[in-house]
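The next block holds one structure in the form of structure tokens; read it before the comments.
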Amino acid sequence: MSEKLRQAVGESAFVEGEAAIARLSKDYYWYSPVLEQELAGKTADYVIVPETEEELKQAVMAAVIEKIPVTVRGGGTGNYGQAVPMTGGLVVDVSKLTEILEIGDGFVRVQAGARLREIEKAIHETDQELTIYPSTFVKATVGGFVSGGSGGIGSVTWGNLWDGNIISAKMITMENELRELTVSGPELEPYIHSYGTTGIMTEVTIPIKPKSRWVQQIYAFDNLTDALDFSRTVSEQGKWKKRLVSVMEAPISAFFKPLKKQIGAADQALVLIEIDESNQERLEEEAVAYRGAAIYTVSADQYRKGIGISDFTWNHTTLWALKSDKTWTYLQNFFSIDDLHHQVRQIKDRYGDDVLLHFEWLRDKGRLVPAALPLVKFTSKEQLYDVIRFFNEIGASTNDPHTYLLGAGGWDMQMEAIAQKKKENDPFGLLNQEKIPDAASIRGTTNV
Ligand code: FAD
């Protein structure tokens, strides 16, 4: 045990016991059978859970002196092993740094360990709500979302993390003289989705919007084409006030066991929607034009009381599939809005029910995109990368979720800016080691 570290933060901040340390060294990388093998057994030497920002800073300063690698952990719900300490060292669990520091008109400033659901609850008191959040918002922290996520519920209207959904962040560096930086605007770029490799986030300010009365609905269609066309109309037209538009190919709903009674035979394509209460009736009429109908509604009064429709969307869809059958895994793709039906046909012709299509409509830099988290029956790494190659060949570009390397496998990341910021803020290379690949290994990993 590092004596400096123990003196810096005190006994009580350390997590005791091998099992607890092993658990806090993992995230949800097991969704990927590839990562499950590659990351097995990677464990921290120590885990601390600081209670104050001051304690966090003391730990960071001690780690710099002793050159101990540091990996920050929020809720630990990342899917790519982002929070796994590749070289041991110290995991800093920030989940006790949860203070809501300031709620203003159109913004909220919070400590980075605050969970997104708790933030939304607090801002509801002022009749405001979050713009975007992941479907894991019960467990996920805002710092973890900014540092390791991308988008989620709300992205169909407000875009993803790079689309103005962060106002500013306070970062601390890992240098001999710890610096505290407040970054905003374009300066945020090397910190967003960079896995905490360029600094430790202590505070985040995010934009918030006037609260709506959301209704959740499931619409059923006899075929995927109609479901996609309906979902495109809702996503595209500004007259529908929406927070979520997800599309599931027919057999996927068989995995949604808690909704069995509402869904029935699981032989229809589904569109899962969150829409403002004032739009509900008109939307039900609109669905008729696409030969669809609402089969289940959670009223605005029941929103977030018990299991909701959004608990089956984004990467929760994959979770429900995995609960039924461990051989499912998933991809992340951007389909082409103009070639969507053709791309779908090519995939179905080639893979049949070994690939099941699940779409999440979102805005990316203002452009509407049919993004997807397709389920893929896994047989081997080679087969998985064959599927990825095929998706890329037909123009449904992949962000590979089966690599822990930042920026590898299709992600459009500003790796040079990240490398530069890392040099400035983490000159000893202690933060989340081995997550930033060199250019050669990026080429090697994608296989695409
Ligand atoms: P962690 O997993 O704890 O950390 C994520 C990364 O950020 C790690 O690299 C960690 O080192 C770093 N980090 C954490 N806190 C800090 C900090 N304070 N300073 C610096 N670095 C830090 N993601 C989406 O984007 N959208 C979704 O809809 C979505 N749905 C999901 C559904 C399921 C069922 C699962 C398992 C995952 C899903 N994810 C989704 C992935 C993940 O849940 C989110 O990205 C989530 O926001 C991560 O938050 P976290 O607090 O758990 O972060």
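By convention in this document, the chains of the structure tokens carry letters A, B, ... by their order, each chain's residues are numbered from 1, and ligands are numbered from 1 in the order they are shown.
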Inset, instruction - Tell me, as a PyMOL selection string, which residues lie within 12 Å of Val70 (chain A), counting only C-alpha atoms; anything in the same chain fewer than 5 positions away does not count. - result: chain A and resi 5+25+44-48+56+59-64+83-93+173-174+195-200+426+428-434
Legend entry - DSSP-assigned helix (DSSP H, G or I) members of region 167-395 of chain A, reported as a PyMOL selection string: chain A and resi 185-191+224-236+250-255+257-263+277-288+300-302+309-312+315-324+340-354+381-393
Inset, instruction - Tell me which protein, DNA and RNA residues are within 7 Å of region 206-218 of chain A, counting only C-alpha atoms, leaving out same-chain ones fewer than 4 positions away, and put them as an NGL selection string. - result: :A and (106-109 or 127-131 or 165-167 or 270-277 or 294-300 or 303 or 309)
Selected residues written out, N, CA and C atoms, as a CSV table (one decimal), in the first residue's frame:
chain,number,residue,atom,x,y,z
A,106,GLY,N,-32.1,27.9,-17.3
A,106,GLY,CA,-31.5,27.3,-18.5
A,106,GLY,C,-30.1,26.6,-18.3
A,107,PHE,N,-29.7,26.5,-17.0
A,107,PHE,CA,-28.5,25.7,-16.8
A,107,PHE,C,-28.5,25.1,-15.4
A,108,VAL,N,-27.7,24.1,-15.2
A,108,VAL,CA,-27.4,23.5,-13.9
A,108,VAL,C,-25.9,23.2,-13.8
A,109,ARG,N,-25.4,23.5,-12.6
A,109,ARG,CA,-24.0,23.3,-12.3
A,109,ARG,C,-23.9,22.2,-11.2
A,127,ASP,N,-39.2,23.4,-12.7
A,127,ASP,CA,-39.9,23.2,-13.9
A,127,ASP,C,-39.0,23.1,-15.1
A,128,GLN,N,-37.8,22.6,-14.9
A,128,GLN,CA,-36.9,22.4,-16.0
A,128,GLN,C,-36.5,20.9,-16.1
A,129,GLU,N,-35.8,20.5,-17.2
A,129,GLU,CA,-35.4,19.1,-17.4
A,129,GLU,C,-34.2,19.1,-18.2
A,130,LEU,N,-33.5,17.9,-18.2
A,130,LEU,CA,-32.3,17.6,-19.0
A,130,LEU,C,-32.6,17.7,-20.5
A,131,THR,N,-31.5,18.0,-21.3
A,131,THR,CA,-31.7,17.9,-22.7
A,131,THR,C,-31.4,16.5,-23.1
A,165,ASN,N,-24.4,20.4,-25.7
A,165,ASN,CA,-25.1,19.9,-24.5
A,165,ASN,C,-24.2,19.9,-23.3
A,166,ILE,N,-23.1,20.6,-23.4
A,166,ILE,CA,-22.2,20.8,-22.2
A,166,ILE,C,-21.9,22.3,-22.3
A,167,ILE,N,-22.1,23.0,-21.2
A,167,ILE,CA,-21.7,24.5,-21.2
A,167,ILE,C,-20.3,24.7,-20.8
A,270,LEU,N,-41.9,-2.4,-33.9
A,270,LEU,CA,-42.4,-1.5,-32.9
A,270,LEU,C,-41.6,-0.1,-33.0
A,271,VAL,N,-42.4,0.9,-32.7
A,271,VAL,CA,-41.7,2.3,-32.6
A,271,VAL,C,-42.0,2.7,-31.1
A,272,LEU,N,-41.0,2.9,-30.4
A,272,LEU,CA,-41.1,3.4,-29.0
A,272,LEU,C,-40.8,4.9,-28.9
A,273,ILE,N,-41.8,5.6,-28.4
A,273,ILE,CA,-41.7,7.1,-28.5
A,273,ILE,C,-42.0,7.8,-27.2
A,274,GLU,N,-41.3,8.9,-27.0
A,274,GLU,CA,-41.7,9.8,-25.9
A,274,GLU,C,-42.1,11.1,-26.6
A,275,ILE,N,-43.3,11.5,-26.4
A,275,ILE,CA,-43.9,12.6,-27.1
A,275,ILE,C,-44.6,13.5,-26.1
A,276,ASP,N,-44.7,14.8,-26.3
A,276,ASP,CA,-45.4,15.7,-25.4
A,276,ASP,C,-46.9,15.4,-25.4
A,277,GLU,N,-47.4,15.5,-24.2
A,277,GLU,CA,-48.9,15.1,-24.1
A,277,GLU,C,-49.8,15.8,-25.1
A,294,ALA,N,-51.2,2.7,-31.8
A,294,ALA,CA,-50.6,2.7,-30.5
A,294,ALA,C,-51.1,1.5,-29.8
A,295,ILE,N,-50.2,0.7,-29.2
A,295,ILE,CA,-50.6,-0.5,-28.5
A,295,ILE,C,-50.4,-0.4,-26.9
A,296,TYR,N,-49.7,0.6,-26.5
A,296,TYR,CA,-49.4,0.8,-25.1
A,296,TYR,C,-49.0,2.2,-24.9
A,297,THR,N,-49.6,2.8,-23.8
A,297,THR,CA,-49.3,4.2,-23.5
A,297,THR,C,-49.1,4.3,-22.0
A,298,VAL,N,-48.0,5.0,-21.6
A,298,VAL,CA,-47.7,5.4,-20.2
A,298,VAL,C,-48.0,6.9,-20.2
A,299,SER,N,-49.0,7.3,-19.4
A,299,SER,CA,-49.5,8.6,-19.4
A,299,SER,C,-48.4,9.5,-18.7
A,300,ALA,N,-48.6,10.8,-18.9
A,300,ALA,CA,-47.6,11.8,-18.3
A,300,ALA,C,-47.7,11.7,-16.8
A,303,TYR,N,-45.3,8.9,-15.8
A,303,TYR,CA,-44.0,9.0,-16.4
A,303,TYR,C,-42.9,8.8,-15.2
A,309,ILE,N,-40.9,2.9,-20.9
A,309,ILE,CA,-40.6,2.5,-22.2
A,309,ILE,C,-39.2,2.7,-22.6
Quick one: everything within 7 Å of region 362-369 of chain A, counting only C-alpha atoms, minus sequence neighbours fewer than 3 positions away in the same chain. Send it as a short mmCIF file (atom, residue, chain, number, x, y, z; two decimals) with N, CA and C atoms, in the first residue's frame.
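File around-v8.cif, as written:
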data_model
loop_
_atom_site.label_atom_id
_atom_site.label_comp_id
_atom_site.auth_asym_id
_atom_site.auth_seq_id
_atom_site.Cartn_x
_atom_site.Cartn_y
_atom_site.Cartn_z
N SER A 155 -31.65 12.97 -27.66
CA SER A 155 -30.76 13.25 -28.80
C SER A 155 -31.51 13.43 -30.12
N VAL A 156 -32.74 12.91 -30.21
CA VAL A 156 -33.53 13.08 -31.43
C VAL A 156 -33.88 14.57 -31.61
N THR A 157 -33.88 15.31 -30.53
CA THR A 157 -34.16 16.75 -30.61
C THR A 157 -32.90 17.60 -30.39
N TRP A 158 -32.11 17.22 -29.40
CA TRP A 158 -31.02 18.10 -28.97
C TRP A 158 -29.63 17.66 -29.41
N GLY A 159 -29.51 16.55 -30.12
CA GLY A 159 -28.20 16.10 -30.59
C GLY A 159 -27.44 15.32 -29.52
N ASN A 160 -26.13 15.17 -29.72
CA ASN A 160 -25.34 14.37 -28.78
C ASN A 160 -24.42 15.29 -27.95
N ASP A 163 -22.95 18.52 -29.40
CA ASP A 163 -23.87 19.47 -30.02
C ASP A 163 -24.34 20.55 -29.04
N PHE A 334 -24.22 4.32 -38.06
CA PHE A 334 -24.98 5.43 -38.66
C PHE A 334 -25.43 4.95 -40.04
N PHE A 335 -26.74 4.74 -40.22
CA PHE A 335 -27.27 4.40 -41.54
C PHE A 335 -27.43 5.69 -42.34
N ILE A 337 -29.85 8.16 -44.30
CA ILE A 337 -31.29 8.44 -44.31
C ILE A 337 -31.89 8.23 -45.71
#
Legend entry - Contact residues around His342 (chain A) with only C-alpha atoms at 12 Å, ignoring same-chain residues under 5 positions, as a ChimeraX atom specification: /A:225,335-337,347-349,394-396
Near Gly74 (chain A), counting only C-alpha atoms, which residues have an atom at most 9 Å away, once you skip same-chain residues fewer than 2 positions from it, shown as a PDB file with C-alpha atoms, in the first residue's frame?
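Just written: out_10.pdb:
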ATOM      1  CA  VAL A  72     -11.594   7.649 -12.644  1.00  0.00           C
ATOM      2  CA  GLY A  76     -19.215   2.191 -14.031  1.00  0.00           C
ATOM      3  CA  THR A  77     -21.873   1.663 -16.712  1.00  0.00           C
ATOM      4  CA  ALA A  83     -13.226   2.624 -16.645  1.00  0.00           C
ATOM      5  CA  VAL A  92     -10.916   6.896  -7.966  1.00  0.00           C
ATOM      6  CA  ASP A  93     -14.655   6.370  -7.599  1.00  0.00           C
ATOM      7  CA  VAL A  94     -16.241   9.837  -7.667  1.00  0.00           C
ATOM      8  CA  SER A  95     -19.774   8.646  -6.966  1.00  0.00           C
ATOM      9  CA  ALA A 112     -19.182  15.375 -11.635  1.00  0.00           C
ATOM     10  CA  GLY A 113     -20.338  12.380  -9.562  1.00  0.00           C
ATOM     11  CA  ALA A 114     -23.988  13.481  -9.528  1.00  0.00           C
ATOM     12  CA  ARG A 115     -26.278  10.907 -11.107  1.00  0.00           C
ATOM     13  CA  LYS A 139     -26.775   4.865 -12.246  1.00  0.00           C
ATOM     14  CA  ALA A 140     -24.746   6.988 -14.649  1.00  0.00           C
ATOM     15  CA  THR A 141     -22.971  10.112 -13.407  1.00  0.00           C
ATOM     16  CA  VAL A 142     -22.830  13.317 -15.401  1.00  0.00           C
ATOM     17  CA  GLY A 143     -19.000  13.211 -15.449  1.00  0.00           C
ATOM     18  CA  GLY A 144     -19.063   9.617 -16.720  1.00  0.00           C
ATOM     19  CA  PHE A 145     -21.596  10.502 -19.398  1.00  0.00           C
TER      20      PHE A 145
END
Got a sec: who's within 8 Å of Ile192 (chain A), counting only C-alpha atoms, leaving out chain neighbours fewer than 3 positions off, as a JSON list (two decimals) with C-alpha atoms, in the first residue's frame?
[["chain", "number", "residue", "atom", "x", "y", "z"],
["A", 146, "VAL", "CA", -19.54, 13.45, -20.64],
["A", 147, "SER", "CA", -16.26, 11.49, -20.47],
["A", 148, "GLY", "CA", -17.47, 8.14, -21.78],
["A", 161, "LEU", "CA", -22.59, 15.46, -26.38],
["A", 162, "TRP", "CA", -20.77, 17.42, -29.10],
["A", 188, "LEU", "CA", -14.30, 21.16, -24.30],
["A", 189, "GLU", "CA", -13.59, 18.99, -27.35],
["A", 195, "TYR", "CA", -12.34, 8.46, -21.12]]
Inset, instruction - Taking the DSSP assignment computed from this structure's backbone, write out as number ranges by chain all residues of region 167-369 of chain A that belong to strand (DSSP E or B). - result: A: 168-172, 180-184, 200-210, 214-221, 242-248, 269-276, 293-298, 328-330, 333-334, 355-356, 358-364, 367-369
Selection from above, C-alpha atoms, as a PDB file, in the first residue's frame, can you write it?
ATOM      1  CA  SER A 168     -18.500  24.126 -19.261  1.00  0.00           C
ATOM      2  CA  ALA A 169     -16.486  21.743 -17.125  1.00  0.00           C
ATOM      3  CA  LYS A 170     -13.988  22.124 -14.315  1.00  0.00           C
ATOM      4  CA  MET A 171     -11.002  19.837 -14.742  1.00  0.00           C
ATOM      5  CA  ILE A 172      -8.011  19.070 -12.564  1.00  0.00           C
ATOM      6  CA  GLU A 180      -7.689  23.611 -12.024  1.00  0.00           C
ATOM      7  CA  LEU A 181      -9.093  24.546 -15.424  1.00  0.00           C
ATOM      8  CA  THR A 182     -12.525  25.805 -16.407  1.00  0.00           C
ATOM      9  CA  VAL A 183     -13.163  24.902 -20.032  1.00  0.00           C
ATOM     10  CA  SER A 184     -16.052  25.843 -22.281  1.00  0.00           C
ATOM     11  CA  ILE A 200     -10.279  14.665 -14.042  1.00  0.00           C
ATOM     12  CA  MET A 201     -13.652  16.378 -14.219  1.00  0.00           C
ATOM     13  CA  THR A 202     -14.859  17.775 -10.907  1.00  0.00           C
ATOM     14  CA  GLU A 203     -17.763  19.984 -12.012  1.00  0.00           C
ATOM     15  CA  VAL A 204     -19.991  20.190 -15.060  1.00  0.00           C
ATOM     16  CA  THR A 205     -22.472  22.844 -16.201  1.00  0.00           C
ATOM     17  CA  ILE A 206     -25.115  21.653 -18.642  1.00  0.00           C
ATOM     18  CA  PRO A 207     -27.995  23.371 -20.413  1.00  0.00           C
ATOM     19  CA  ILE A 208     -31.535  22.553 -19.282  1.00  0.00           C
ATOM     20  CA  LYS A 209     -34.919  23.239 -20.879  1.00  0.00           C
ATOM     21  CA  PRO A 210     -38.466  23.991 -19.737  1.00  0.00           C
ATOM     22  CA  TRP A 214     -43.944  13.376 -21.569  1.00  0.00           C
ATOM     23  CA  VAL A 215     -46.130  10.483 -22.637  1.00  0.00           C
ATOM     24  CA  GLN A 216     -44.481   7.186 -23.559  1.00  0.00           C
ATOM     25  CA  GLN A 217     -46.064   5.103 -26.313  1.00  0.00           C
ATOM     26  CA  ILE A 218     -45.450   1.921 -28.240  1.00  0.00           C
ATOM     27  CA  TYR A 219     -46.721   1.823 -31.837  1.00  0.00           C
ATOM     28  CA  ALA A 220     -46.961  -1.493 -33.722  1.00  0.00           C
ATOM     29  CA  PHE A 221     -46.626  -2.058 -37.489  1.00  0.00           C
ATOM     30  CA  LYS A 242     -40.310  14.437 -28.784  1.00  0.00           C
ATOM     31  CA  ARG A 243     -37.604  13.048 -26.573  1.00  0.00           C
ATOM     32  CA  LEU A 244     -37.203   9.550 -27.969  1.00  0.00           C
ATOM     33  CA  VAL A 245     -37.917   7.709 -31.237  1.00  0.00           C
ATOM     34  CA  SER A 246     -36.659   4.088 -31.281  1.00  0.00           C
ATOM     35  CA  VAL A 247     -37.459   1.362 -33.793  1.00  0.00           C
ATOM     36  CA  MET A 248     -37.283  -2.392 -33.179  1.00  0.00           C
ATOM     37  CA  ALA A 269     -42.163  -4.007 -35.704  1.00  0.00           C
ATOM     38  CA  LEU A 270     -42.356  -1.469 -32.894  1.00  0.00           C
ATOM     39  CA  VAL A 271     -41.723   2.251 -32.562  1.00  0.00           C
ATOM     40  CA  LEU A 272     -41.082   3.378 -28.978  1.00  0.00           C
ATOM     41  CA  ILE A 273     -41.734   7.063 -28.496  1.00  0.00           C
ATOM     42  CA  GLU A 274     -41.688   9.812 -25.895  1.00  0.00           C
ATOM     43  CA  ILE A 275     -43.925  12.632 -27.070  1.00  0.00           C
ATOM     44  CA  ASP A 276     -45.370  15.728 -25.411  1.00  0.00           C
ATOM     45  CA  ALA A 293     -51.493   1.832 -34.064  1.00  0.00           C
ATOM     46  CA  ALA A 294     -50.582   2.679 -30.490  1.00  0.00           C
ATOM     47  CA  ILE A 295     -50.647  -0.541 -28.452  1.00  0.00           C
ATOM     48  CA  TYR A 296     -49.413   0.776 -25.114  1.00  0.00           C
ATOM     49  CA  THR A 297     -49.333   4.204 -23.468  1.00  0.00           C
ATOM     50  CA  VAL A 298     -47.727   5.392 -20.237  1.00  0.00           C
ATOM     51  CA  TRP A 328     -26.210 -11.756 -28.621  1.00  0.00           C
ATOM     52  CA  THR A 329     -23.923  -8.800 -28.903  1.00  0.00           C
ATOM     53  CA  TYR A 330     -24.311  -5.470 -30.715  1.00  0.00           C
ATOM     54  CA  ASN A 333     -23.938   2.344 -36.773  1.00  0.00           C
ATOM     55  CA  PHE A 334     -24.982   5.429 -38.659  1.00  0.00           C
ATOM     56  CA  VAL A 355     -28.749  -9.598 -37.182  1.00  0.00           C
ATOM     57  CA  LEU A 356     -31.796  -7.879 -35.684  1.00  0.00           C
ATOM     58  CA  HIS A 358     -32.754  -1.625 -33.702  1.00  0.00           C
ATOM     59  CA  PHE A 359     -32.646   2.092 -34.597  1.00  0.00           C
ATOM     60  CA  GLU A 360     -32.375   5.242 -32.510  1.00  0.00           C
ATOM     61  CA  TRP A 361     -33.100   8.440 -34.430  1.00  0.00           C
ATOM     62  CA  LEU A 362     -30.785  11.262 -33.432  1.00  0.00           C
ATOM     63  CA  ARG A 363     -29.394  14.593 -34.539  1.00  0.00           C
ATOM     64  CA  ASP A 364     -25.685  14.819 -35.172  1.00  0.00           C
ATOM     65  CA  ARG A 367     -28.394  16.482 -39.304  1.00  0.00           C
ATOM     66  CA  LEU A 368     -31.048  13.824 -38.640  1.00  0.00           C
ATOM     67  CA  VAL A 369     -29.500  10.330 -38.641  1.00  0.00           C
TER      68      VAL A 369
END
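Between Glu424 (chain A) and the candidates A:Asp301, A:Glu177, A:Glu125, A:Asp27, the tightest atom-to-atom separation, counting only C-alpha atoms, involves A:Glu177.
The two atoms in question, CA of Arg282 (chain A) and CA of Lys239 (chain A), are spaced 10.5 Å apart.
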Legend entry - For Asp311 (chain A), the nearest of the candidates A:Leu357, A:Ile119, A:Thr136, A:Ser150, counting only C-alpha atoms: A:Thr136
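For the choices A:Gly238, A:Gly78, A:Pro251, A:Gly152, the atom-to-atom distance to Gly352 (chain A) is smallest for A:Pro251 when using only C-alpha atoms.
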